[in-house]
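Asks: Sending over target_21.txt (compact mmCIF, C-alpha atoms).
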```txt
# COMPACT_ATOMS: atom_id res chain seq x y z
CA MET A 1 -11.92 -7.30 4.61
CA PHE A 2 -12.14 -10.27 2.31
CA SER A 3 -9.89 -13.20 2.89
CA ASP A 4 -9.07 -16.08 0.59
CA ASN A 5 -11.51 -18.41 2.25
CA MET A 6 -14.49 -16.07 2.00
CA PRO A 7 -17.50 -17.94 0.66
CA ILE A 8 -17.77 -17.52 -3.09
CA GLU A 9 -21.11 -17.62 -4.77
CA GLY A 10 -20.64 -20.18 -7.51
CA ARG A 11 -17.31 -21.16 -8.95
CA ILE A 12 -15.28 -19.23 -11.41
CA ILE A 13 -14.92 -21.30 -14.50
CA ASP A 14 -11.67 -21.54 -16.37
CA LEU A 15 -12.21 -20.46 -19.92
CA GLN A 16 -11.20 -23.28 -22.17
CA MET A 17 -12.52 -22.12 -25.52
CA GLN A 18 -11.02 -19.45 -27.72
CA PRO A 19 -12.54 -16.12 -26.80
CA THR A 20 -13.56 -13.76 -29.55
CA VAL A 21 -13.10 -10.12 -28.72
CA PRO A 22 -13.65 -7.39 -31.31
CA ASP A 23 -10.90 -4.80 -31.50
CA GLY A 24 -11.02 -1.59 -29.51
CA LYS A 25 -14.72 -1.69 -28.76
CA MET A 26 -16.53 -2.41 -25.56
CA THR A 27 -19.26 -4.94 -25.97
CA GLU A 28 -21.19 -7.19 -23.67
CA HIS A 29 -18.75 -9.95 -24.48
CA HIS A 30 -15.86 -7.75 -23.40
CA LYS A 31 -17.29 -7.31 -19.97
CA GLN A 32 -17.70 -10.98 -19.35
CA LEU A 33 -14.02 -11.75 -19.67
CA ILE A 34 -11.55 -10.81 -17.00
CA ALA A 35 -7.97 -11.70 -16.32
CA CYS A 36 -6.59 -12.23 -12.83
CA HIS A 37 -4.39 -9.21 -12.05
CA GLU A 38 -1.86 -11.39 -10.29
CA CYS A 39 -1.54 -14.50 -12.48
CA ASP A 40 -3.19 -13.41 -15.75
CA LEU A 41 -5.56 -16.40 -15.82
CA LEU A 42 -8.41 -15.72 -18.22
CA LEU A 43 -11.78 -16.08 -16.54
CA ARG A 44 -15.42 -15.44 -17.07
CA GLU A 45 -17.14 -13.14 -14.64
CA ILE A 46 -19.83 -14.53 -12.40
CA ASP A 47 -22.56 -12.81 -10.45
CA LEU A 48 -21.83 -12.43 -6.78
CA LYS A 49 -24.01 -11.84 -3.79
CA SER A 50 -23.46 -8.50 -2.18
CA GLY A 51 -20.59 -8.52 0.28
CA HIS A 52 -18.89 -11.46 -1.37
CA ALA A 53 -15.68 -11.56 -3.31
CA ALA A 54 -14.56 -13.59 -6.29
CA VAL A 55 -11.24 -15.33 -5.84
CA CYS A 56 -8.92 -16.56 -8.58
CA PRO A 57 -9.07 -20.37 -8.64
CA ARG A 58 -5.39 -20.60 -9.53
CA CYS A 59 -3.49 -18.10 -7.40
CA GLY A 60 -6.07 -17.12 -4.78
CA ALA A 61 -5.99 -13.37 -5.46
CA THR A 62 -9.20 -11.45 -4.81
CA LEU A 63 -10.51 -10.61 -8.28
CA TYR A 64 -13.40 -8.34 -7.49
CA ARG A 65 -16.01 -7.68 -4.87
CA LYS A 66 -19.66 -6.95 -5.02
CA THR A 67 -20.69 -4.08 -2.81
CA THR A 68 -23.93 -2.27 -2.36
CA GLU A 69 -24.00 1.50 -2.69
CA SER A 70 -20.22 1.54 -2.62
CA LEU A 71 -19.94 5.01 -4.16
CA SER A 72 -22.33 6.83 -1.85
CA ARG A 73 -21.05 5.05 1.24
CA THR A 74 -17.44 5.84 0.35
CA LEU A 75 -18.38 9.46 -0.27
CA ALA A 76 -20.03 9.73 3.14
CA ILE A 77 -17.05 8.16 4.90
CA CYS A 78 -14.63 10.40 2.99
CA LEU A 79 -16.49 13.54 4.04
CA ALA A 80 -16.38 12.44 7.68
CA ALA A 81 -12.70 11.54 7.32
CA VAL A 82 -11.87 15.01 5.95
CA LEU A 83 -13.31 16.57 9.07
CA PHE A 84 -11.30 14.32 11.37
CA PHE A 85 -8.22 14.80 9.23
CA LEU A 86 -8.45 18.59 9.58
CA PHE A 87 -8.68 18.31 13.36
CA ALA A 88 -5.81 15.85 13.36
CA ASN A 89 -3.63 18.36 11.56
CA ILE A 90 -4.60 21.50 13.44
CA TYR A 91 -4.53 20.40 17.06
CA PRO A 92 -1.56 19.01 18.99
CA ILE A 93 -1.20 15.23 19.04
CA LEU A 94 0.70 14.91 22.28
CA GLY A 95 2.01 17.19 24.94
CA ILE A 96 4.69 16.35 27.50
CA GLU A 97 5.56 17.92 30.78
CA SER A 98 8.41 17.46 33.20
CA ARG A 99 9.40 19.69 36.12
CA GLY A 100 7.48 22.65 34.85
CA ASN A 101 8.87 22.35 31.34
CA GLY A 102 6.42 21.41 28.64
CA ASN A 103 6.19 20.93 24.93
CA ALA A 104 3.47 19.93 22.52
CA THR A 105 3.45 19.22 18.84
CA ASN A 106 1.00 18.79 16.05
CA LEU A 107 1.60 16.72 12.96
CA TYR A 108 3.13 19.44 10.84
CA GLY A 109 5.14 20.68 13.80
CA ALA A 110 6.78 17.27 14.11
CA VAL A 111 7.65 17.28 10.43
CA SER A 112 9.11 20.77 10.44
CA SER A 113 11.01 20.16 13.67
CA LEU A 114 12.73 17.21 12.05
CA TRP A 115 13.48 19.32 8.99
CA ASP A 116 15.18 21.87 11.24
CA GLN A 117 17.30 19.09 12.72
CA GLU A 118 18.75 18.48 9.25
CA MET A 119 16.83 15.21 8.84
CA HIS A 120 15.38 16.29 5.51
CA PHE A 121 14.77 12.85 4.01
CA ILE A 122 12.98 11.51 7.07
CA SER A 123 11.01 14.72 7.43
CA LEU A 124 9.86 14.52 3.80
CA LEU A 125 9.04 10.83 4.14
CA VAL A 126 6.78 11.49 7.14
CA PHE A 127 5.26 14.55 5.48
CA VAL A 128 4.36 12.59 2.35
CA THR A 129 3.11 9.39 3.98
CA ALA A 130 1.22 10.86 6.93
CA ILE A 131 -0.09 14.16 5.50
CA VAL A 132 0.15 14.57 1.71
CA VAL A 133 -0.98 11.14 0.52
CA PRO A 134 -3.99 10.80 2.86
CA ALA A 135 -5.03 14.36 1.98
CA LEU A 136 -4.71 13.67 -1.76
CA GLU A 137 -6.56 10.37 -1.44
CA LEU A 138 -9.48 11.96 0.38
CA SER A 139 -9.77 15.02 -1.85
CA MET A 140 -9.50 13.00 -5.06
CA LEU A 141 -12.09 10.50 -3.94
CA ILE A 142 -14.49 13.32 -3.14
CA TYR A 143 -13.72 14.97 -6.48
CA LEU A 144 -14.58 11.67 -8.19
CA LEU A 145 -17.54 10.55 -6.18
CA LEU A 146 -19.49 13.77 -5.72
CA PRO A 147 -20.09 14.36 -9.47
CA LEU A 148 -20.71 10.62 -10.05
CA LYS A 149 -23.32 10.75 -7.35
CA LEU A 150 -24.95 13.69 -9.14
CA GLY A 151 -24.96 11.78 -12.41
CA GLN A 152 -21.97 13.43 -14.07
CA VAL A 153 -18.55 12.20 -15.05
CA PRO A 154 -15.82 14.44 -13.59
CA PRO A 155 -13.10 15.42 -16.08
CA GLY A 156 -9.92 13.40 -15.77
CA LEU A 157 -11.64 10.50 -14.04
CA ALA A 158 -9.39 7.83 -15.55
CA LEU A 159 -6.25 9.81 -14.81
CA ILE A 160 -7.25 10.27 -11.19
CA MET A 161 -8.14 6.60 -10.78
CA ARG A 162 -4.67 5.72 -12.08
CA PHE A 163 -3.04 8.25 -9.78
CA LEU A 164 -5.00 6.94 -6.78
CA GLN A 165 -3.81 3.43 -7.53
CA HIS A 166 -0.20 4.64 -7.57
CA ILE A 167 -0.27 6.64 -4.34
CA GLU A 168 -2.40 4.20 -2.33
CA PRO A 169 0.52 2.14 -0.91
CA TRP A 170 2.12 5.34 0.42
CA GLY A 171 -0.74 6.39 2.67
CA MET A 172 0.27 5.04 6.06
CA VAL A 173 -2.23 6.52 8.45
CA GLU A 174 -2.62 3.31 10.47
CA VAL A 175 1.13 2.86 10.84
CA PHE A 176 1.45 6.45 12.04
CA MET A 177 -1.29 5.82 14.58
CA LEU A 178 0.67 2.87 15.98
CA GLY A 179 3.75 5.12 15.96
CA ILE A 180 1.91 7.62 18.15
CA LEU A 181 1.02 4.88 20.62
CA VAL A 182 4.56 3.52 20.79
CA ALA A 183 5.95 7.04 21.29
CA LEU A 184 3.39 7.54 24.04
CA VAL A 185 4.54 4.43 25.90
CA LYS A 186 8.19 5.42 25.51
CA LEU A 187 7.46 8.84 26.98
CA THR A 188 5.48 7.73 30.02
CA ASP A 189 8.67 6.79 31.88
CA ASN A 190 10.04 10.30 32.09
CA PHE A 191 7.21 12.67 31.38
CA SER A 192 3.61 13.24 32.18
CA ILE A 193 1.64 13.04 28.96
CA ILE A 194 -1.13 15.33 27.86
CA PRO A 195 -3.05 13.65 25.04
CA GLY A 196 -4.14 16.22 22.46
CA VAL A 197 -7.34 16.56 20.47
CA ALA A 198 -5.48 15.37 17.37
CA LEU A 199 -4.73 12.04 19.05
CA TRP A 200 -8.41 11.17 19.11
CA SER A 201 -8.98 12.71 15.70
CA TYR A 202 -6.12 10.68 14.27
CA ALA A 203 -7.65 7.52 15.72
CA GLY A 204 -10.85 8.53 13.92
CA VAL A 205 -8.97 9.09 10.67
CA THR A 206 -7.34 5.67 10.98
CA PHE A 207 -10.68 4.00 11.45
CA LEU A 208 -12.34 5.92 8.62
CA MET A 209 -9.49 5.40 6.16
CA ALA A 210 -9.71 1.66 6.81
CA ALA A 211 -13.44 1.93 6.15
CA VAL A 212 -12.76 3.77 2.88
CA ALA A 213 -10.36 1.04 1.78
CA THR A 214 -12.93 -1.70 2.36
CA THR A 215 -15.93 0.22 1.03
CA PHE A 216 -14.50 1.82 -2.09
CA ASN A 217 -14.93 -0.46 -5.07
CA PRO A 218 -13.16 0.83 -8.21
CA ARG A 219 -15.24 -1.60 -10.27
CA ASP A 220 -18.34 0.43 -9.51
CA VAL A 221 -16.63 3.58 -10.82
CA TRP A 222 -15.76 1.86 -14.10
CA ALA A 223 -19.25 0.38 -14.33
CA ARG A 224 -20.65 3.90 -13.91
CA LEU A 225 -18.33 5.16 -16.64
CA ASP A 226 -19.48 2.36 -18.97
CA TRP A 227 -23.06 3.22 -18.22
CA HIS A 228 -22.50 6.88 -19.23
CA TYR A 229 -20.66 5.74 -22.32
CA GLU A 230 -23.50 3.47 -23.41
CA LYS A 231 -26.09 6.16 -22.67
CA ASN A 232 -24.25 8.77 -24.75
CA LYS A 233 -23.84 6.31 -27.60
CA SER A 234 -27.52 5.48 -27.74
CA ALA A 235 -28.61 9.11 -27.34
CA MET B 236 -8.58 -29.33 -9.64
CA SER B 237 -4.86 -28.78 -9.46
CA TYR B 238 -3.60 -25.30 -10.21
CA ARG B 239 -1.47 -26.77 -13.01
CA ALA B 240 -4.61 -27.57 -14.97
CA TYR B 241 -5.27 -23.87 -15.50
CA SER B 242 -3.18 -22.57 -18.34
CA THR B 243 -5.32 -20.23 -20.42
CA THR B 244 -3.90 -16.85 -19.60
CA ALA B 245 -4.98 -13.61 -21.22
CA ALA B 246 -1.50 -13.26 -22.70
CA SER B 247 -1.66 -16.70 -24.37
CA GLN B 248 -4.82 -15.58 -26.20
CA GLY B 249 -3.30 -12.31 -27.37
CA LEU B 250 -5.33 -10.43 -24.78
CA CYS B 251 -4.20 -7.96 -22.19
CA SER B 252 -6.01 -6.70 -19.13
CA CYS B 253 -5.63 -3.02 -18.25
CA HIS B 254 -3.69 -2.64 -15.00
CA VAL B 255 -5.85 0.31 -13.95
CA CYS B 256 -9.44 -0.56 -14.88
CA GLY B 257 -9.14 -4.28 -15.63
CA LEU B 258 -10.74 -4.13 -19.08
CA ILE B 259 -9.59 -6.82 -21.49
CA SER B 260 -8.32 -5.67 -24.87
CA ARG B 261 -6.73 -7.40 -27.81
CA TYR B 262 -3.04 -6.68 -27.55
CA ASP B 263 -0.20 -9.13 -27.98
CA GLY B 264 2.68 -6.90 -26.86
CA ARG B 265 4.32 -6.89 -30.27
CA THR B 266 3.12 -3.51 -31.51
CA LYS B 267 4.86 -0.59 -29.89
CA THR B 268 2.19 1.05 -27.78
CA ALA B 269 -1.49 0.51 -27.20
CA TYR B 270 -3.89 2.22 -24.85
CA CYS B 271 -6.88 0.96 -22.94
CA PRO B 272 -10.07 1.97 -24.81
CA ARG B 273 -11.84 2.69 -21.53
CA CYS B 274 -9.36 4.53 -19.32
CA ASN B 275 -6.58 5.36 -21.78
CA SER B 276 -3.84 3.80 -19.64
CA ARG B 277 -0.93 2.33 -21.51
CA LEU B 278 -1.31 -1.41 -21.93
CA SER B 279 1.46 -3.79 -21.04
CA MET B 280 1.33 -7.53 -20.69
CA ARG B 281 3.99 -7.66 -17.98
CA LYS B 282 5.62 -4.86 -16.02
CA HIS B 283 8.50 -3.44 -18.04
CA GLN B 284 11.92 -4.77 -17.00
CA SER B 285 10.43 -6.05 -13.78
CA ILE B 286 13.23 -8.44 -12.82
CA GLN B 287 16.15 -6.10 -13.55
CA GLN B 288 14.66 -3.10 -11.77
CA CYS B 289 13.48 -5.18 -8.85
CA TRP B 290 17.00 -6.60 -8.41
CA ALA B 291 18.52 -3.11 -8.58
CA LEU B 292 16.21 -1.78 -5.88
CA LEU B 293 16.68 -4.88 -3.77
CA ILE B 294 20.47 -4.78 -3.91
CA ALA B 295 20.42 -1.10 -2.96
CA ALA B 296 18.18 -2.01 -0.01
CA TYR B 297 20.59 -4.80 1.05
CA ILE B 298 23.50 -2.36 1.02
CA LEU B 299 21.62 0.20 3.11
CA TYR B 300 20.38 -2.50 5.45
CA LEU B 301 23.78 -2.59 7.17
CA PRO B 302 24.02 1.10 8.13
CA ALA B 303 20.31 1.02 8.97
CA ASN B 304 20.98 -1.55 11.65
CA LEU B 305 24.47 -0.58 12.77
CA MET B 306 24.22 3.20 12.92
CA ILE B 307 22.54 5.25 15.62
CA ILE B 308 18.85 5.76 14.96
CA MET B 309 18.07 7.86 18.03
CA GLU B 310 19.99 9.79 20.70
CA THR B 311 18.24 10.33 24.00
CA GLY B 312 19.67 12.71 26.55
CA SER B 313 18.37 13.75 29.93
CA LEU B 314 19.75 14.99 33.25
CA ILE B 315 20.43 11.49 34.49
CA SER B 316 21.31 9.52 31.39
CA TYR B 317 22.50 9.69 27.83
CA ARG B 318 21.81 6.90 25.37
CA LYS B 319 22.59 6.23 21.76
CA ASP B 320 20.32 3.57 20.30
CA THR B 321 20.45 1.45 17.21
CA ILE B 322 17.23 -0.28 16.19
CA LEU B 323 18.11 -3.47 18.05
CA SER B 324 19.39 -1.78 21.21
CA GLY B 325 16.23 0.31 21.27
CA VAL B 326 14.12 -2.83 21.23
CA VAL B 327 16.25 -4.42 23.96
CA HIS B 328 16.03 -1.27 26.10
CA LEU B 329 12.24 -1.22 25.74
CA TRP B 330 12.10 -4.88 26.77
CA GLN B 331 14.25 -4.28 29.83
CA THR B 332 12.32 -1.24 30.98
CA GLY B 333 9.19 -3.34 31.09
CA SER B 334 7.23 -2.43 27.96
CA MET B 335 7.46 -5.95 26.60
CA PHE B 336 4.38 -5.77 24.43
CA ILE B 337 5.49 -2.55 22.74
CA SER B 338 8.98 -3.94 22.43
CA ALA B 339 7.62 -6.99 20.61
CA ILE B 340 5.65 -4.78 18.21
CA VAL B 341 8.70 -2.68 17.40
CA PHE B 342 10.80 -5.83 17.01
CA VAL B 343 8.41 -7.26 14.46
CA ALA B 344 7.95 -4.01 12.55
CA SER B 345 11.59 -2.90 12.46
CA ILE B 346 13.57 -6.11 12.38
CA VAL B 347 11.41 -9.05 11.31
CA VAL B 348 9.45 -7.30 8.55
CA PRO B 349 12.38 -5.69 6.66
CA LEU B 350 14.42 -8.88 6.84
CA PHE B 351 11.45 -10.96 5.74
CA LYS B 352 10.87 -8.62 2.80
CA LEU B 353 14.47 -8.73 1.64
CA ILE B 354 14.73 -12.51 1.85
CA ALA B 355 11.29 -13.20 0.39
CA LEU B 356 11.81 -10.87 -2.57
CA THR B 357 15.20 -12.41 -3.26
CA TYR B 358 13.65 -15.88 -3.22
CA LEU B 359 10.80 -14.78 -5.50
CA LEU B 360 13.20 -13.18 -7.99
CA ILE B 361 15.52 -16.18 -8.13
CA SER B 362 12.67 -18.68 -8.48
CA VAL B 363 11.10 -16.59 -11.25
CA GLN B 364 14.41 -16.34 -13.09
CA LYS B 365 14.89 -20.09 -12.85
CA GLN B 366 11.35 -20.47 -14.27
CA SER B 367 10.61 -22.71 -11.32
CA ARG B 368 7.33 -24.59 -11.35
CA ARG B 369 7.39 -25.43 -7.69
CA TYR B 370 5.25 -23.97 -4.92
CA MET B 371 3.46 -21.58 -7.26
CA PRO B 372 0.39 -20.88 -5.07
CA LYS B 373 2.65 -20.54 -2.04
CA ARG B 374 4.86 -18.03 -3.82
CA ALA B 375 1.80 -16.06 -4.91
CA ARG B 376 0.66 -15.96 -1.29
CA LEU B 377 4.16 -14.93 -0.19
CA TYR B 378 4.05 -11.99 -2.59
CA ARG B 379 0.67 -10.86 -1.26
CA MET B 380 2.06 -11.06 2.26
CA ILE B 381 5.05 -8.87 1.33
CA GLU B 382 2.69 -6.27 -0.07
CA LEU B 383 0.57 -6.40 3.06
CA VAL B 384 3.21 -6.11 5.78
CA GLY B 385 5.82 -3.92 4.07
CA ARG B 386 4.37 -0.59 5.17
CA TRP B 387 4.55 -1.44 8.87
CA SER B 388 8.33 -1.04 8.96
CA MET B 389 7.73 2.71 8.84
CA LEU B 390 6.76 2.47 12.51
CA ASP B 391 10.19 3.29 13.91
CA ILE B 392 10.55 6.30 11.62
CA TYR B 393 7.32 7.73 12.99
CA VAL B 394 8.29 7.03 16.58
CA VAL B 395 11.63 8.78 16.15
CA THR B 396 9.94 11.72 14.43
CA LEU B 397 7.44 12.21 17.22
CA LEU B 398 9.99 11.84 20.01
CA ALA B 399 12.49 14.14 18.34
CA ALA B 400 9.80 16.76 17.84
CA LEU B 401 8.37 16.53 21.35
CA VAL B 402 11.35 16.07 23.63
CA GLN B 403 13.06 19.44 23.19
CA LEU B 404 13.19 20.70 26.77
CA GLN B 405 16.43 22.65 26.59
CA SER B 406 18.71 21.39 29.35
CA PHE B 407 16.32 18.81 30.76
CA ALA B 408 15.86 16.33 28.02
CA ILE B 409 16.52 16.03 24.33
CA VAL B 410 15.91 13.43 21.64
CA LYS B 411 17.65 13.56 18.30
CA ALA B 412 17.24 11.41 15.23
CA GLY B 413 20.46 9.76 14.13
CA PRO B 414 21.89 8.92 10.69
CA GLY B 415 20.68 5.32 11.03
CA ALA B 416 17.13 6.63 10.67
CA ILE B 417 17.92 7.93 7.18
CA ALA B 418 19.35 4.57 6.10
CA PHE B 419 16.43 2.73 7.66
CA GLY B 420 13.89 5.00 5.95
CA ALA B 421 15.67 4.40 2.66
CA VAL B 422 15.51 0.62 3.17
CA VAL B 423 11.75 0.82 3.74
CA VAL B 424 11.20 2.99 0.67
CA LEU B 425 13.46 0.88 -1.56
CA THR B 426 11.86 -2.42 -0.56
CA MET B 427 8.41 -0.92 -1.12
CA PHE B 428 9.41 0.16 -4.63
CA ALA B 429 10.98 -3.25 -5.21
CA SER B 430 7.82 -5.13 -4.25
CA MET B 431 5.73 -2.80 -6.45
CA LYS B 432 8.08 -3.45 -9.35
CA PHE B 433 7.89 -7.22 -8.96
CA GLU B 434 5.57 -8.84 -11.47
CA PRO B 435 3.56 -11.66 -9.82
CA ARG B 436 2.39 -12.94 -13.22
CA LEU B 437 5.95 -14.08 -13.87
CA ILE B 438 5.49 -16.69 -11.13
CA TRP B 439 2.86 -18.39 -13.28
CA ASP B 440 4.29 -17.88 -16.75
CA PRO B 441 6.30 -21.14 -16.78
CA LEU B 442 2.96 -22.98 -16.97
CA GLN B 443 2.27 -21.50 -20.39
CA PRO B 444 2.57 -23.95 -23.27
CA LYS B 445 4.61 -21.55 -25.39
CA PRO B 446 6.77 -18.71 -24.07
CA LEU B 447 5.54 -15.14 -24.23
CA LYS B 448 6.86 -12.73 -26.78
CA GLU B 449 7.45 -9.52 -24.88
CA SER B 450 8.00 -6.26 -26.70
```
Hey, can you dump this file as structure tokens for me?

Replies:
Amino acid sequence: MFSDNMPIEGRIIDLQMQPTVPDGKMTEHHKQLIACHECDLLLREIDLKSGHAAVCPRCGATLYRKTTESLSRTLAICLAAVLFFLFANIYPILGIESRGNGNATNLYGAVSSLWDQEMHFISLLVFVTAIVVPALELSMLIYLLLPLKLGQVPPGLALIMRFLQHIEPWGMVEVFMLGILVALVKLTDNFSIIPGVALWSYAGVTFLMAAVATTFNPRDVWARLDWHYEKNKSA
Amino acid sequence: MSYRAYSTTAASQGLCSCHVCGLISRYDGRTKTAYCPRCNSRLSMRKHQSIQQCWALLIAAYILYLPANLMIIMETGSLISYRKDTILSGVVHLWQTGSMFISAIVFVASIVVPLFKLIALTYLLISVQKQSRRYMPKRARLYRMIELVGRWSMLDIYVVTLLAALVQLQSFAIVKAGPGAIAFGAVVVLTMFASMKFEPRLIWDPLQPKPLKES
């Protein structure tokens, strides 16, 4: 994670002169100018050391990060996360037992049980935030990164990047993990708990999704796209 | 250098940065539609009708906040006891039964965070509408904090879901989700949409020498 007081290599200079940008074309000059996504301050890009982030001098928002091998690392983490995510969905998360009576549930079981109790909105909310969005995020990232890694541009790249940006706030794997732990504590009073395989898998998913969020650098995807664009133009 | 010294925004130069890929294009917001040359997203200088839509979502969240806190979120029945809990009584019960740490977590996620979001967004909207020039960096930080903590209010929804799914032991014990859970879930979703709809650039726009012409 990058905080506001992360060391910045160099200072970002406020652009005082009138910039000249040709219409509708991407040139070197284009790439040097950026605007802060939170306060719209016009800035000139600076080179960063790997692992550092550039911070807006006015509002303190993180502008961009420099990462090494962000695409391949993200791809590797995503592939691992898919595996954990599958286990997390197949196996039971928790089991309870009391006086010979027992019950266990997996993720989808919890969702469908709530649906049967006429709690459709809540059931859908959990289904979307804990299952659908993480699954979409992982599969789309792999769809993007695997071809990029092999030197191709997957069709619909821009559309998927936009979609990923929209659904990202709705993936709440880490909140769900905390929810599991709180439920576990609440249950210990009256029941004996049998932790399921999915509990550990879900912990793995939480960890890996956090790793994806810090490793994935959309800037590298766009840079790769620019590179292909320039190559095709010159060829 | 004081933050007030910075005033050259992209918008003031007739430039617009793409909200998806960040590329800067020449677009002053006066022509009807323009698309990013790199990723083909529609360009807009500021989120469309940010203040109105944010208010609408926020007011809806305020209205639902009452049933979310007053109605039953979870019913717990067993051989020895039967409880109906609202969010607050659930926290108090957890505290009394000794899980103080967990109780504190639930208190923060279900009571502090939603309230903080509602109040902070209201403050941000009012200050932006008044074109206030005060506390700009602090308000920018406040907005980032809202974005960061908002999701954690979903905690109680997940807890109720898991308990209701697990504790179904016929006559021995049963847990049911109550109508308060629906209202609470709606508050979380509405405030998340509201904070997404809020345009942080509006905080800084009063520093511009001449006002923006928005399409």

Asks: Distance table requested - chain B against chain A, cut-off 6 Å, only C-alpha atoms: one row per qualifying residue with the closest atom pair and its distance in Å to one decimal, ordered by chain and rising residue number, as CSV.

Replies:
```
residue,atom,partner,partner_atom,distance
B:Tyr238,CA,A:Arg58,CA,5.1
B:Thr243,CA,A:Leu42,CA,5.9
B:Thr244,CA,A:Leu41,CA,4.2
B:Ala245,CA,A:Leu42,CA,5.0
B:Val255,CA,A:Arg162,CA,5.8
B:Pro272,CA,A:Gly24,CA,6.0
B:Cys274,CA,A:Ala158,CA,5.0
B:Pro372,CA,A:Cys59,CA,5.3
B:Trp387,CA,A:Val175,CA,5.8
B:Leu390,CA,A:Gly179,CA,5.3
B:Tyr393,CA,A:Gly179,CA,5.3
B:Val394,CA,A:Gly179,CA,5.0
B:Leu397,CA,A:Ala110,CA,6.0
B:Ala400,CA,A:Ala110,CA,4.8
B:Pro435,CA,A:Glu38,CA,5.4
B:Arg436,CA,A:Cys39,CA,4.3
B:Trp439,CA,A:Cys39,CA,5.9
```

Asks: Report as a count of residues only all protein, DNA and RNA residues lying within 8 Å of Gly415 in chain B, evaluated on all atoms listed in the file, omitting residues in the same chain fewer than 2 positions from it.

Replies: 13

Asks: Using all atoms listed in the file for the distances, tell me which of B:Thr311, B:Gln288, B:Ser242, B:Ser324 is nearest to Val341 in chain B.

Replies: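 Result for the nearest residue to Val341 in chain B: B:Ser324.
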
Asks: Using all atoms listed in the file, what residues lie at most 6 Å away from (3.1, -3.2, -0.3) (file coordinates), given as a compact mmCIF listing (two decimals) with C-alpha atoms, in the coordinates of the input?

Replies:
```txt
# COMPACT_ATOMS: atom_id res chain seq x y z
CA PRO A 169 0.52 2.14 -0.91
CA GLU B 382 2.69 -6.27 -0.07
CA LEU B 383 0.57 -6.40 3.06
CA GLY B 385 5.82 -3.92 4.07
CA MET B 427 8.41 -0.92 -1.12
```

Asks: For Met371 in chain B, which of B:Ile294, B:Arg386, B:Asp440, B:Ile409 is the closest residue, counting only C-alpha atoms?

Replies: B:Asp440

Asks: Separation of CA of Leu141 in chain A and CA of Cys78 in chain A, in Å?

Replies: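 Here the two named atoms are 7.4 Å from each other.
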
Asks: Rank nothing, just name the residue among A:Ala88, A:Ile160, A:Val55, A:Leu79 nearest to Leu199 in chain A, using all atoms listed in the file.

Replies: A:Ala88

Asks: Between CA of Ile167 in chain A and CA of Phe351 in chain B, measure the distance and give it in Å to one decimal.

Replies: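 Distance between the two atoms: 23.4 Å.
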
Asks: Around the point (21.8, 7.8, 23.3) in the file's coordinates, collect all residues with an atom within 6 Å, using all atoms listed in the file, and return them as number ranges by chain.

Replies: B: 310-311, 317-320

Asks: Just the selected residues (C-alpha atoms), exported as a PDB file, in the coordinates of the input, please.

Replies:
```pdb
ATOM      1  CA  GLU B 310      19.990   9.790  20.700  1.00  0.00           C
ATOM      2  CA  THR B 311      18.240  10.330  24.000  1.00  0.00           C
ATOM      3  CA  TYR B 317      22.500   9.690  27.830  1.00  0.00           C
ATOM      4  CA  ARG B 318      21.810   6.900  25.370  1.00  0.00           C
ATOM      5  CA  LYS B 319      22.590   6.230  21.760  1.00  0.00           C
ATOM      6  CA  ASP B 320      20.320   3.570  20.300  1.00  0.00           C
TER       7      ASP B 320
END
```

Asks: Please, what distance in Å, to one decimal, runs between CA of Ala246 in chain B and CA of Arg368 in chain B?

Replies: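 Answer for the CA of Ala246 in chain B to CA of Arg368 in chain B separation: 18.3 Å.
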
Asks: Fewer than 6 positions away in the same chain doesn't count, so skip those; otherwise give me all residues within 8 Å of range 344-347 of chain B, counting only C-alpha atoms, as a short mmCIF file (atom, residue, chain, number, x, y, z; two decimals) with C-alpha atoms, keeping the file's coordinate frame.

Replies:
```cif
data_model
loop_
_atom_site.label_atom_id
_atom_site.label_comp_id
_atom_site.auth_asym_id
_atom_site.auth_seq_id
_atom_site.Cartn_x
_atom_site.Cartn_y
_atom_site.Cartn_z
CA ILE B 322 17.23 -0.28 16.19
CA LEU B 323 18.11 -3.47 18.05
CA TRP B 387 4.55 -1.44 8.87
CA SER B 388 8.33 -1.04 8.96
CA MET B 389 7.73 2.71 8.84
CA LEU B 390 6.76 2.47 12.51
CA ASP B 391 10.19 3.29 13.91
#
```
